[in-house]
Amino acid sequence: MQANRVKKMVLSALLAALVFTATYVVKIPSPTNGYVNLGDCFVLLSGWLLGPWYGAAAAGIGSALTDLLGGYAHYVPGTLVIKALDAFVAASIYHAMKKSTKGMLVSGIAGELVMVAGYFGFSSLILGKGLAAALSIPGNLVQGGIGIAAGILVMQVVRRAKLTDQM
């Protein structure tokens, strides 16, 4: 039992590093003073592979570190919670749908809608941008869509390599 817990913690750290790298390295500037990235692919993978709790931790920590080290420190608390909830929701739905491919799509959409709504709420209410925060919605929807598509593709590779059997 202890070995399984250590294994999950190590995989969580690995996925947090992958979330960070995919978010920090691939940055496509958006007109809303932010950027679109591939981190959501690994946010979703974190949830799908690790389950709700470990997946949420990996997704939230990896994403928050990107904001902290990338010059967006004011987003760190919001990103930590939003990306953790994104992975948590995706993992919960995916597992409820018996880890099916359809479950990946449905859970990915639900998780990414949490992300879009979360950033809108955080930016409008906490950062004080009001309705101007709605300008980030299209970019976040694109980022979410790319994250879902890439996440499903990577998950198919992980499944074919039978790596999920070892987690």
# chains A, B, ... in the order shown; residues from 1 in each chain; ligands from 1
>>> closest_atom_pairs(of="segment 58-118 of chain A", to="segment 9-21 of chain A", cutoff="7 Å", atoms="only C-alpha atoms", output="JSON lines")
{"residue": "A:Ala58", "atom": "CA", "partner": "A:Ala16", "partner_atom": "CA", "distance": 4.3}
{"residue": "A:Ala59", "atom": "CA", "partner": "A:Ala16", "partner_atom": "CA", "distance": 5.9}
{"residue": "A:Ile61", "atom": "CA", "partner": "A:Ala16", "partner_atom": "CA", "distance": 6.2}
{"residue": "A:Gly62", "atom": "CA", "partner": "A:Ala16", "partner_atom": "CA", "distance": 4.2}
{"residue": "A:Ser63", "atom": "CA", "partner": "A:Phe20", "partner_atom": "CA", "distance": 5.6}
{"residue": "A:Leu65", "atom": "CA", "partner": "A:Phe20", "partner_atom": "CA", "distance": 6.7}
{"residue": "A:Thr66", "atom": "CA", "partner": "A:Phe20", "partner_atom": "CA", "distance": 5.5}
>>> write_last_selection(atoms="N, CA, C and O atoms", output="mmCIF file, in the first residue's frame")
data_model
loop_
_atom_site.group_PDB
_atom_site.id
_atom_site.type_symbol
_atom_site.label_atom_id
_atom_site.label_comp_id
_atom_site.auth_asym_id
_atom_site.auth_seq_id
_atom_site.Cartn_x
_atom_site.Cartn_y
_atom_site.Cartn_z
ATOM 1 N N ALA A 58 -1.463 17.868 -8.999
ATOM 2 C CA ALA A 58 -0.465 18.011 -10.064
ATOM 3 C C ALA A 58 -0.835 19.167 -10.998
ATOM 4 O O ALA A 58 0.020 19.993 -11.342
ATOM 5 N N ALA A 59 -2.091 19.229 -11.402
ATOM 6 C CA ALA A 59 -2.536 20.265 -12.329
ATOM 7 C C ALA A 59 -2.431 21.660 -11.706
ATOM 8 O O ALA A 59 -1.927 22.594 -12.335
ATOM 9 N N ILE A 61 -0.618 22.706 -9.041
ATOM 10 C CA ILE A 61 0.751 23.111 -8.699
ATOM 11 C C ILE A 61 1.556 23.436 -9.956
ATOM 12 O O ILE A 61 2.238 24.460 -10.014
ATOM 13 N N GLY A 62 1.494 22.570 -10.965
ATOM 14 C CA GLY A 62 2.249 22.820 -12.194
ATOM 15 C C GLY A 62 1.833 24.113 -12.869
ATOM 16 O O GLY A 62 2.678 24.899 -13.313
ATOM 17 N N SER A 63 0.534 24.373 -12.925
ATOM 18 C CA SER A 63 0.028 25.598 -13.559
ATOM 19 C C SER A 63 0.368 26.839 -12.739
ATOM 20 O O SER A 63 0.746 27.874 -13.293
ATOM 21 N N LEU A 65 2.864 27.253 -10.695
ATOM 22 C CA LEU A 65 4.301 27.532 -10.819
ATOM 23 C C LEU A 65 4.617 28.277 -12.109
ATOM 24 O O LEU A 65 5.495 29.147 -12.141
ATOM 25 N N THR A 66 3.896 27.958 -13.165
ATOM 26 C CA THR A 66 4.094 28.666 -14.430
ATOM 27 C C THR A 66 3.773 30.142 -14.264
ATOM 28 O O THR A 66 4.538 31.001 -14.718
#
>>> select_by_dssp(residues="segment 81-144 of chain A", states="alpha helix (DSSP H)", output="MDAnalysis selection string")
chainID A and resid 81:96 101:121 137:144
>>> closest_residue(among="A:Leu45, A:Leu68, A:Leu105, A:Ala110", to="Val89 of chain A", atoms="only C-alpha atoms")
A:Ala110
>>> atom_distance(atom1="atom CA of Asp40 of chain A", atom2="atom CA of Asn140 of chain A")
10.1 Å
>>> atom_distance(atom1="atom CA of Tyr119 of chain A", atom2="atom CA of Tyr35 of chain A")
12.9 Å
>>> residues_around(residues="segment 46-57 of chain A", least_positions_apart="2", cutoff="8 Å", atoms="only C-alpha atoms", output="PyMOL selection string")
chain A and resi 8-9+11-12+15-16+42-44+59-61+83-92+94-95+99+104+164+167
>>> select_by_dssp(residues="segment 2-69 of chain A", states="strand (DSSP E or B)", output="PyMOL selection string")
chain A and resi 28-29+35-36
>>> write_last_selection(atoms="N, CA, C and O atoms", output="JSON list (two decimals), in the first residue's frame")
[["chain", "number", "residue", "atom", "x", "y", "z"],
["A", 28, "ILE", "N", 1.52, 31.03, -26.95],
["A", 28, "ILE", "CA", 1.00, 31.73, -28.12],
["A", 28, "ILE", "C", 0.28, 32.96, -27.59],
["A", 28, "ILE", "O", -0.75, 32.83, -26.93],
["A", 29, "PRO", "N", 0.84, 34.16, -27.82],
["A", 29, "PRO", "CA", 0.23, 35.38, -27.25],
["A", 29, "PRO", "C", -1.21, 35.56, -27.69],
["A", 29, "PRO", "O", -1.57, 35.26, -28.83],
["A", 35, "TYR", "N", -1.80, 34.44, -22.76],
["A", 35, "TYR", "CA", -1.31, 33.56, -23.80],
["A", 35, "TYR", "C", -2.08, 32.25, -23.80],
["A", 35, "TYR", "O", -2.68, 31.87, -22.81],
["A", 36, "VAL", "N", -2.06, 31.58, -24.94],
["A", 36, "VAL", "CA", -2.65, 30.25, -25.09],
["A", 36, "VAL", "C", -1.49, 29.27, -25.04],
["A", 36, "VAL", "O", -0.40, 29.55, -25.55]]
>>> closest_residue(among="A:Leu69, A:Glu112, A:Pro31, A:Thr101", to="Gln143 of chain A", atoms="only C-alpha atoms")
A:Glu112
>>> atom_distance(atom1="atom CA of Leu38 of chain A", atom2="atom CA of Arg5 of chain A")
28.0 Å
>>> closest_atom_pairs(of="segment 64-111 of chain A", to="segment 122-126 of chain A", cutoff="10 Å", atoms="only C-alpha atoms", output="CSV")
residue,atom,partner,partner_atom,distance
A:His74,CA,A:Ile126,CA,9.9
A:Tyr75,CA,A:Phe122,CA,8.5
A:Pro77,CA,A:Phe122,CA,9.4
A:Gly78,CA,A:Phe122,CA,6.3
A:Thr79,CA,A:Phe122,CA,9.0
A:Ile82,CA,A:Phe122,CA,8.9
>>> write_last_selection(atoms="N, CA and C atoms", output="PDB file, in the first residue's frame")
ATOM      1  N   HIS A  74       0.077  37.557  -9.985  1.00  0.00           N
ATOM      2  CA  HIS A  74      -1.264  37.924  -9.512  1.00  0.00           C
ATOM      3  C   HIS A  74      -2.298  36.851  -9.867  1.00  0.00           C
ATOM      4  N   TYR A  75      -1.972  35.952 -10.797  1.00  0.00           N
ATOM      5  CA  TYR A  75      -2.881  34.864 -11.163  1.00  0.00           C
ATOM      6  C   TYR A  75      -2.630  33.579 -10.366  1.00  0.00           C
ATOM      7  N   PRO A  77      -2.931  32.411  -7.179  1.00  0.00           N
ATOM      8  CA  PRO A  77      -3.990  31.775  -6.364  1.00  0.00           C
ATOM      9  C   PRO A  77      -5.161  31.277  -7.212  1.00  0.00           C
ATOM     10  N   GLY A  78      -5.571  32.079  -8.172  1.00  0.00           N
ATOM     11  CA  GLY A  78      -6.675  31.679  -9.042  1.00  0.00           C
ATOM     12  C   GLY A  78      -6.317  30.472  -9.880  1.00  0.00           C
ATOM     13  N   THR A  79      -5.138  30.484 -10.468  1.00  0.00           N
ATOM     14  CA  THR A  79      -4.706  29.370 -11.304  1.00  0.00           C
ATOM     15  C   THR A  79      -4.605  28.086 -10.497  1.00  0.00           C
ATOM     16  N   ILE A  82      -8.281  27.022  -9.965  1.00  0.00           N
ATOM     17  CA  ILE A  82      -9.005  26.771 -11.217  1.00  0.00           C
ATOM     18  C   ILE A  82      -8.494  25.516 -11.914  1.00  0.00           C
TER      19      ILE A  82
END
>>> closest_residue(among="A:Ile152, A:Lys7, A:Met115, A:Val76", to="Leu127 of chain A", atoms="only C-alpha atoms")
A:Val76
>>> closest_residue(among="A:Ser136, A:Ser107, A:Thr23, A:Ser100", to="Arg159 of chain A", atoms="only C-alpha atoms")
A:Ser100
